[in-house]
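Asker: Structure incoming, see below.
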Amino acid sequence: MKKDLLTLRDITRDELETIFDLAAKLKRERGKVDFRPLADKSIGLIFAKSSTRTRVSFEVGVGELGGRALYLDQSRMQVGRGETVADTAKVLSRYLHGIVIRTFAHADVCELAKEATIPVINALTDEFHPCQLLADMLTIREYSGRVDNTIRLAFYGDGRSNMANSLILAARLTGMELVISAPEEERPDADLIGGAANILWEPDPVKAARGVDYFYTDVWVSMGFEEERARRMEIFRPYQVTAKLFDEAKPGAKFLHCLPAHRGEEVAPEVMDDPKRSIVFDEAENRLHVQKAVMSLLMGPRN
Ligand code: CP
Ligand code: NVA
């Protein structure tokens, strides 16, 4: 049966380790060993939103795995003119061997996956960004040697964003200690946390920083939320990740960001550009390796 990656709920702890191990191997062997599980396969990349990292890492990744990537601008597809998601899924399943999709409503990605007979990977919706979290966890594993309850991570800013939601699922999957520092208006979704004792909401940004190994933040205005810009600038202002917050953290604490970053908004320039603290470009690179691993496992020869 085909398997999709729509959120981290689709992955077990064992499967996560399999993805990490393969991603680490593909990273080590990049350009040295020929590994072409997508040979003769075509993967469609549907994008309804802007992208730098996701588009390029998927296109390059499909090519390195021996496949062909088709970039499909959703605004130029018939689905943008009223064709149903279900019909689109059925038609694309006759041509392609996998779909990667970035769009607005998470329900559309679920519908696409339900109706398609080929694997679907969520490349970001308003609610979830699982590929980013896989890269983030791989990065934490590289720096700390593990992703488990010995790791404490504080996320600052929009507690209801696709990144905060995905971090919650990552913490539920791994047992990592997650503190979300967000204002009351955008506090994290209690249903998603599901009473997990390792996930806390802490509106005080200084308290949230205590003892953390990693700081994480994301833009204050996610794609699709531009009309709320003024309100968001106001309510998230106290949640900028500053160098001062590192005084509260564990020595050697690192800074993560899914990118793109807005210096002076969610992160102070001295944090973003501090090579001792910021590991955001290692994190961005890991998108490529981890997505290659996921595509090999979901869309490779055995599928
Ligand atoms: N982090 C991330 O998904 O970046 P892009 O929006 O550039 O793809
Ligand atoms: N929360 C951001 C993430 C970008 C990678 C957005 O959805 O725009």
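To be explicit about the labels: the chains of the structure tokens are called A, B, and onward in the order shown, and within each one the residues are counted from 1, while ligands get numbers from 1 in the order they are shown.
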Name the residues, by chain letter and number, that sit within 10 Å of ligand 2 using only C-alpha atoms and all ligand atoms, and give them as a ChimeraX atom specification.
Answerer: /A:49-54,102-104,123-129,132,158,160-165,217-226,257-261
Asker: Can you write out the residues you just picked, keeping N, CA and C atoms, as a compact mmCIF listing (two decimals), in the first residue's frame?
Answerer:
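Wrote selection.txt, looks like this:
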# COMPACT_ATOMS: atom_id res chain seq x y z
N LYS A 49 2.36 28.35 -3.28
CA LYS A 49 2.99 29.42 -2.51
C LYS A 49 4.44 29.54 -2.92
N SER A 50 5.07 30.67 -2.57
CA SER A 50 6.48 30.90 -2.88
C SER A 50 7.37 29.88 -2.17
N SER A 51 8.57 29.70 -2.70
CA SER A 51 9.55 28.80 -2.06
C SER A 51 10.93 29.01 -2.64
N THR A 52 11.93 28.93 -1.80
CA THR A 52 13.32 28.85 -2.25
C THR A 52 13.87 27.47 -1.91
N ARG A 53 13.96 27.17 -0.61
CA ARG A 53 14.56 25.91 -0.15
C ARG A 53 13.79 24.68 -0.61
N THR A 54 12.50 24.69 -0.41
CA THR A 54 11.72 23.47 -0.66
C THR A 54 11.73 23.12 -2.14
N ARG A 102 2.83 21.98 -2.02
CA ARG A 102 2.81 23.11 -1.08
C ARG A 102 1.58 23.94 -1.41
N THR A 103 0.67 24.05 -0.43
CA THR A 103 -0.53 24.84 -0.68
C THR A 103 -1.05 25.45 0.61
N PHE A 104 -2.26 25.98 0.57
CA PHE A 104 -2.83 26.69 1.72
C PHE A 104 -3.53 25.71 2.67
N ALA A 123 4.64 19.55 1.39
CA ALA A 123 5.79 20.46 1.38
C ALA A 123 5.45 21.80 2.01
N LEU A 124 4.45 21.84 2.82
CA LEU A 124 3.97 22.96 3.64
C LEU A 124 2.52 23.28 3.32
N THR A 125 1.75 23.33 4.39
CA THR A 125 0.38 23.88 4.32
C THR A 125 0.29 24.95 5.41
N ASP A 126 -0.87 25.60 5.49
CA ASP A 126 -1.06 26.59 6.57
C ASP A 126 -0.86 25.92 7.93
N GLU A 127 -1.09 24.62 8.02
CA GLU A 127 -1.05 23.95 9.32
C GLU A 127 0.22 23.16 9.65
N PHE A 128 0.86 22.58 8.64
CA PHE A 128 1.99 21.68 8.94
C PHE A 128 3.10 21.80 7.89
N HIS A 129 4.35 21.53 8.35
CA HIS A 129 5.51 21.53 7.47
C HIS A 129 6.44 20.38 7.90
N GLN A 132 10.29 20.15 6.90
CA GLN A 132 11.17 21.06 7.63
C GLN A 132 11.57 20.44 8.96
N ASP A 158 4.86 32.72 16.82
CA ASP A 158 3.49 32.33 16.47
C ASP A 158 3.23 30.88 16.91
N ARG A 160 0.69 29.15 16.83
CA ARG A 160 -0.29 28.38 16.05
C ARG A 160 0.15 28.22 14.60
N SER A 161 1.41 28.55 14.31
CA SER A 161 1.88 28.48 12.92
C SER A 161 2.14 27.02 12.52
N ASN A 162 2.34 26.83 11.22
CA ASN A 162 2.68 25.49 10.74
C ASN A 162 3.95 24.96 11.40
N MET A 163 4.88 25.86 11.73
CA MET A 163 6.12 25.41 12.37
C MET A 163 5.86 25.00 13.82
N ALA A 164 5.10 25.82 14.56
CA ALA A 164 4.80 25.45 15.95
C ALA A 164 4.03 24.14 15.99
N ASN A 165 3.05 24.00 15.10
CA ASN A 165 2.26 22.75 15.06
C ASN A 165 3.16 21.55 14.76
N THR A 217 12.83 29.89 15.90
CA THR A 217 11.77 30.84 15.60
C THR A 217 11.42 30.76 14.13
N ASP A 218 10.36 31.48 13.78
CA ASP A 218 9.82 31.47 12.41
C ASP A 218 9.27 32.88 12.17
N VAL A 219 8.98 33.18 10.94
CA VAL A 219 8.44 34.51 10.60
C VAL A 219 7.16 34.78 11.41
N TRP A 220 6.92 36.06 11.65
CA TRP A 220 5.70 36.44 12.37
C TRP A 220 4.50 36.51 11.44
N VAL A 221 4.77 36.64 10.14
CA VAL A 221 3.67 36.71 9.16
C VAL A 221 3.88 35.58 8.14
N SER A 222 3.21 34.47 8.36
CA SER A 222 3.36 33.35 7.44
C SER A 222 2.65 33.64 6.12
N MET A 223 3.04 32.90 5.09
CA MET A 223 2.41 33.06 3.78
C MET A 223 0.91 32.82 3.89
N GLY A 224 0.15 33.77 3.36
CA GLY A 224 -1.32 33.66 3.43
C GLY A 224 -1.92 34.49 4.56
N PHE A 225 -1.05 35.03 5.44
CA PHE A 225 -1.54 35.79 6.60
C PHE A 225 -1.16 37.27 6.51
N GLU A 226 -0.84 37.72 5.30
CA GLU A 226 -0.30 39.07 5.11
C GLU A 226 -1.25 40.17 5.60
N HIS A 257 16.26 28.11 12.61
CA HIS A 257 15.20 28.89 11.94
C HIS A 257 14.92 28.17 10.63
N CYS A 258 13.65 27.97 10.32
CA CYS A 258 13.32 27.27 9.07
C CYS A 258 13.71 28.10 7.85
N LEU A 259 13.79 29.42 8.02
CA LEU A 259 14.07 30.38 6.96
C LEU A 259 12.89 30.44 5.98
N PRO A 260 12.60 31.54 5.33
CA PRO A 260 13.39 32.77 5.32
C PRO A 260 13.30 33.53 6.66
N ALA A 261 14.40 34.25 7.00
CA ALA A 261 14.47 35.00 8.25
C ALA A 261 14.25 36.49 8.00
Asker: So which residues of segment 79-222 of chain A fall under alpha helix (DSSP H) by DSSP, listed as a PyMOL selection string?
Answerer: chain A and resi 85-95+106-115+130-144+162-174+190-193+205-208
Asker: Write the residues of the selection above to a file with C-alpha atoms, as a PDB file, in the first residue's frame.
Answerer:
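Saved file result_22.pdb follows:
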ATOM      1  CA  VAL A  85      -8.705  18.170  -6.154  1.00  0.00           C
ATOM      2  CA  ALA A  86     -10.014  14.600  -6.488  1.00  0.00           C
ATOM      3  CA  ASP A  87     -10.018  14.683 -10.303  1.00  0.00           C
ATOM      4  CA  THR A  88      -6.548  16.254 -10.272  1.00  0.00           C
ATOM      5  CA  ALA A  89      -5.306  13.466  -7.992  1.00  0.00           C
ATOM      6  CA  LYS A  90      -6.741  10.738 -10.228  1.00  0.00           C
ATOM      7  CA  VAL A  91      -5.293  12.232 -13.425  1.00  0.00           C
ATOM      8  CA  LEU A  92      -1.828  12.908 -11.981  1.00  0.00           C
ATOM      9  CA  SER A  93      -1.737   9.343 -10.613  1.00  0.00           C
ATOM     10  CA  ARG A  94      -1.886   8.097 -14.229  1.00  0.00           C
ATOM     11  CA  TYR A  95       1.285  10.040 -15.175  1.00  0.00           C
ATOM     12  CA  HIS A 106      -4.198  21.216   4.812  1.00  0.00           C
ATOM     13  CA  ALA A 107      -7.546  19.589   3.950  1.00  0.00           C
ATOM     14  CA  ASP A 108      -6.680  19.907   0.244  1.00  0.00           C
ATOM     15  CA  VAL A 109      -3.483  17.905   0.738  1.00  0.00           C
ATOM     16  CA  CYS A 110      -5.406  15.234   2.673  1.00  0.00           C
ATOM     17  CA  GLU A 111      -7.990  15.075  -0.136  1.00  0.00           C
ATOM     18  CA  LEU A 112      -5.256  14.826  -2.768  1.00  0.00           C
ATOM     19  CA  ALA A 113      -3.577  11.986  -0.861  1.00  0.00           C
ATOM     20  CA  LYS A 114      -6.871  10.163  -0.345  1.00  0.00           C
ATOM     21  CA  GLU A 115      -7.759  10.245  -4.040  1.00  0.00           C
ATOM     22  CA  PRO A 130       6.779  17.996   8.193  1.00  0.00           C
ATOM     23  CA  CYS A 131       9.766  18.034   5.809  1.00  0.00           C
ATOM     24  CA  GLN A 132      11.173  21.056   7.628  1.00  0.00           C
ATOM     25  CA  LEU A 133      10.904  19.276  10.963  1.00  0.00           C
ATOM     26  CA  LEU A 134      12.655  16.184   9.632  1.00  0.00           C
ATOM     27  CA  ALA A 135      15.566  18.405   8.574  1.00  0.00           C
ATOM     28  CA  ASP A 136      15.495  20.216  11.931  1.00  0.00           C
ATOM     29  CA  MET A 137      15.600  16.951  13.874  1.00  0.00           C
ATOM     30  CA  LEU A 138      18.398  15.605  11.678  1.00  0.00           C
ATOM     31  CA  THR A 139      20.346  18.786  12.482  1.00  0.00           C
ATOM     32  CA  ILE A 140      19.718  18.381  16.219  1.00  0.00           C
ATOM     33  CA  ARG A 141      20.846  14.763  15.934  1.00  0.00           C
ATOM     34  CA  GLU A 142      24.071  15.905  14.261  1.00  0.00           C
ATOM     35  CA  TYR A 143      24.825  18.522  16.934  1.00  0.00           C
ATOM     36  CA  SER A 144      23.553  16.695  20.049  1.00  0.00           C
ATOM     37  CA  ASN A 162       2.675  25.489  10.737  1.00  0.00           C
ATOM     38  CA  MET A 163       6.117  25.413  12.371  1.00  0.00           C
ATOM     39  CA  ALA A 164       4.804  25.454  15.953  1.00  0.00           C
ATOM     40  CA  ASN A 165       2.265  22.755  15.060  1.00  0.00           C
ATOM     41  CA  SER A 166       4.952  20.618  13.452  1.00  0.00           C
ATOM     42  CA  LEU A 167       7.275  21.064  16.422  1.00  0.00           C
ATOM     43  CA  ILE A 168       4.470  19.855  18.691  1.00  0.00           C
ATOM     44  CA  LEU A 169       4.134  16.672  16.629  1.00  0.00           C
ATOM     45  CA  ALA A 170       7.937  16.262  16.624  1.00  0.00           C
ATOM     46  CA  ALA A 171       7.994  16.540  20.426  1.00  0.00           C
ATOM     47  CA  ARG A 172       5.191  14.011  20.698  1.00  0.00           C
ATOM     48  CA  LEU A 173       7.097  11.643  18.431  1.00  0.00           C
ATOM     49  CA  THR A 174      10.497  11.937  20.124  1.00  0.00           C
ATOM     50  CA  ALA A 190      -4.180  22.331  23.176  1.00  0.00           C
ATOM     51  CA  ASP A 191      -5.785  19.538  21.127  1.00  0.00           C
ATOM     52  CA  LEU A 192      -2.581  19.092  19.156  1.00  0.00           C
ATOM     53  CA  ILE A 193      -0.536  18.982  22.373  1.00  0.00           C
ATOM     54  CA  PRO A 205      10.099  34.774  26.891  1.00  0.00           C
ATOM     55  CA  VAL A 206      12.815  34.877  29.565  1.00  0.00           C
ATOM     56  CA  LYS A 207      11.380  31.975  31.560  1.00  0.00           C
ATOM     57  CA  ALA A 208      10.995  29.982  28.328  1.00  0.00           C
TER      58      ALA A 208
END
Asker: Given the choices A:Arg68, A:Arg55, A:Lys32, A:Arg210, which gets closest to ligand 1 if the distance is worked out from only C-alpha atoms and all ligand atoms?
Answerer: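 Closest to ligand 1, using only C-alpha atoms and all ligand atoms: A:Arg55.
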Asker: Interatomic distance between atom CA of Leu256 of chain A and atom CA of Glu283 of chain A?
Answerer: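 That distance, rounded to one decimal, is 7.3 Å.
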Asker: Hey, which of A:Ile43, A:Glu285, A:Gln78, A:Phe236 ends up closest to Val100 of chain A? Count only C-alpha atoms.
Answerer: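 Looking at the shortest contact to Val100 of chain A, the residue is A:Ile43.
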Asker: Between A:Phe58, A:Phe35, A:Phe246, A:Tyr71, single out the one closest to ligand 1, counting only C-alpha atoms and all ligand atoms.
Answerer: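 Distance minimum relative to ligand 1 lands on A:Phe58.
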Asker: From the set A:Thr18, A:Ser75, A:Thr12, A:Asn122, which residue has the shortest atom-to-atom contact distance to ligand 1, counting only C-alpha atoms and all ligand atoms?
Answerer: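 Closest to ligand 1, using only C-alpha atoms and all ligand atoms: A:Asn122.
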Asker: Neighbours of Ile99 of chain A within 7 Å (only C-alpha atoms; same-chain residues fewer than 3 positions away dropped), as a list in words?
Answerer: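 Residues near the query, excluding close chain neighbours: Ile43, Gly44, Leu45, Pro119, Val120 and Ile121 of chain A.
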Asker: Write a file of the selected residues as a PDB file, in the first residue's frame, keeping C-alpha atoms.
Answerer:
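Heads up, here's the output in part_38.pdb:
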ATOM      1  CA  ILE A  43       7.666  13.354  -9.455  1.00  0.00           C
ATOM      2  CA  GLY A  44       5.294  16.325  -9.668  1.00  0.00           C
ATOM      3  CA  LEU A  45       6.007  19.328  -7.454  1.00  0.00           C
ATOM      4  CA  PRO A 119       2.514   8.766  -2.560  1.00  0.00           C
ATOM      5  CA  VAL A 120       1.970  12.408  -1.571  1.00  0.00           C
ATOM      6  CA  ILE A 121       4.440  14.493   0.451  1.00  0.00           C
TER       7      ILE A 121
END
Asker: Skipping near chain neighbours, those fewer than 2 positions away, what residues fall within 12 Å of Ser296 of chain A using only C-alpha atoms, listed as a tab-separated table (two decimals) with C-alpha atoms, in the first residue's frame?
Answerer:
chain	number	residue	atom	x	y	z
A	3	LYS	CA	2.37	5.66	2.11
A	18	THR	CA	15.38	4.80	9.33
A	19	ILE	CA	14.95	8.22	7.66
A	22	LEU	CA	19.48	6.96	5.27
A	23	ALA	CA	19.68	10.77	5.17
A	26	LEU	CA	23.14	10.03	1.53
A	35	PHE	CA	22.04	5.72	-5.79
A	36	ARG	CA	19.11	6.02	-8.21
A	37	PRO	CA	15.91	4.68	-6.62
A	38	LEU	CA	13.81	7.10	-8.69
A	39	ALA	CA	15.29	6.01	-12.05
A	41	LYS	CA	10.20	7.90	-12.25
A	43	ILE	CA	7.67	13.35	-9.45
A	61	GLY	CA	16.91	15.74	-4.78
A	62	VAL	CA	14.70	14.06	-7.39
A	63	GLY	CA	17.44	14.56	-9.99
A	64	GLU	CA	20.15	13.12	-7.71
A	65	LEU	CA	17.96	10.06	-7.10
A	66	GLY	CA	17.76	9.50	-10.86
A	67	GLY	CA	14.22	10.78	-11.37
A	97	HIS	CA	5.06	8.24	-9.43
A	98	GLY	CA	4.77	10.74	-6.60
A	119	PRO	CA	2.51	8.77	-2.56
A	289	HIS	CA	19.38	14.98	2.46
A	290	VAL	CA	16.30	14.18	4.50
A	291	GLN	CA	13.89	14.65	1.60
A	292	LYS	CA	16.03	12.38	-0.57
A	293	ALA	CA	15.71	9.76	2.17
A	294	VAL	CA	11.93	10.22	2.40
A	298	LEU	CA	8.09	6.32	-0.15
A	299	MET	CA	8.59	6.53	-3.91
A	300	GLY	CA	11.54	4.19	-4.55
A	301	PRO	CA	11.55	0.77	-6.28
A	302	ARG	CA	9.48	-1.10	-3.69
A	303	ASN	CA	6.55	1.30	-4.08
Asker: Choose the residue, out of A:Glu59, A:Asp34, A:Glu202, A:Asp273, that has the smallest atom-to-atom separation from ligand 1; count only C-alpha atoms and all ligand atoms.
Answerer: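 When distances to ligand 1 are compared using only C-alpha atoms and all ligand atoms, the smallest one comes from A:Glu59.
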Asker: Select, from A:Met77, A:Phe47, A:Glu177, A:Arg277, the residue with the minimum atom-to-atom distance to ligand 1, counting only C-alpha atoms and all ligand atoms.
Answerer: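 Closest to ligand 1 of all the choices is A:Phe47.
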Asker: Atom CA of Glu248 of chain A to atom 1 (N, counted along the ligand's line) of ligand 1: how many Å, to one decimal?
Answerer: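 Result for atom CA of Glu248 of chain A versus atom 1 (N, counted along the ligand's line) of ligand 1: 26.9 Å, one decimal.
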Asker: Can you list, as an NGL selection string, every protein, DNA or RNA residue that comes within 7 Å of Asn198 of chain A when you count only C-alpha atoms, leaving out same-chain residues fewer than 2 positions away?
Answerer: :A and (175-178 or 196 or 200)
Asker: Generate a file of the selected residues that holds C-alpha atoms, formatted as a compact mmCIF listing (two decimals), in the first residue's frame.
Answerer:
# COMPACT_ATOMS: atom_id res chain seq x y z
CA GLY A 175 9.82 12.97 23.73
CA MET A 176 11.91 16.13 23.23
CA GLU A 177 11.11 18.90 25.76
CA LEU A 178 9.35 21.70 23.86
CA ALA A 196 1.73 15.69 26.50
CA LEU A 200 4.64 23.56 27.57
Asker: Counting only C-alpha atoms, what is within 10 Å of Val241 of chain A, bar same-chain residues fewer than 2 positions away, as a VMD selection string?
Answerer: chain A and resid 155 to 157 205 209 215 to 217 237 to 239 243 to 246 255 263 to 272
Asker: Separation of atom CA of Trp201 of chain A and atom CA of Ala182 of chain A, in Å?
Answerer: 7.3 Å
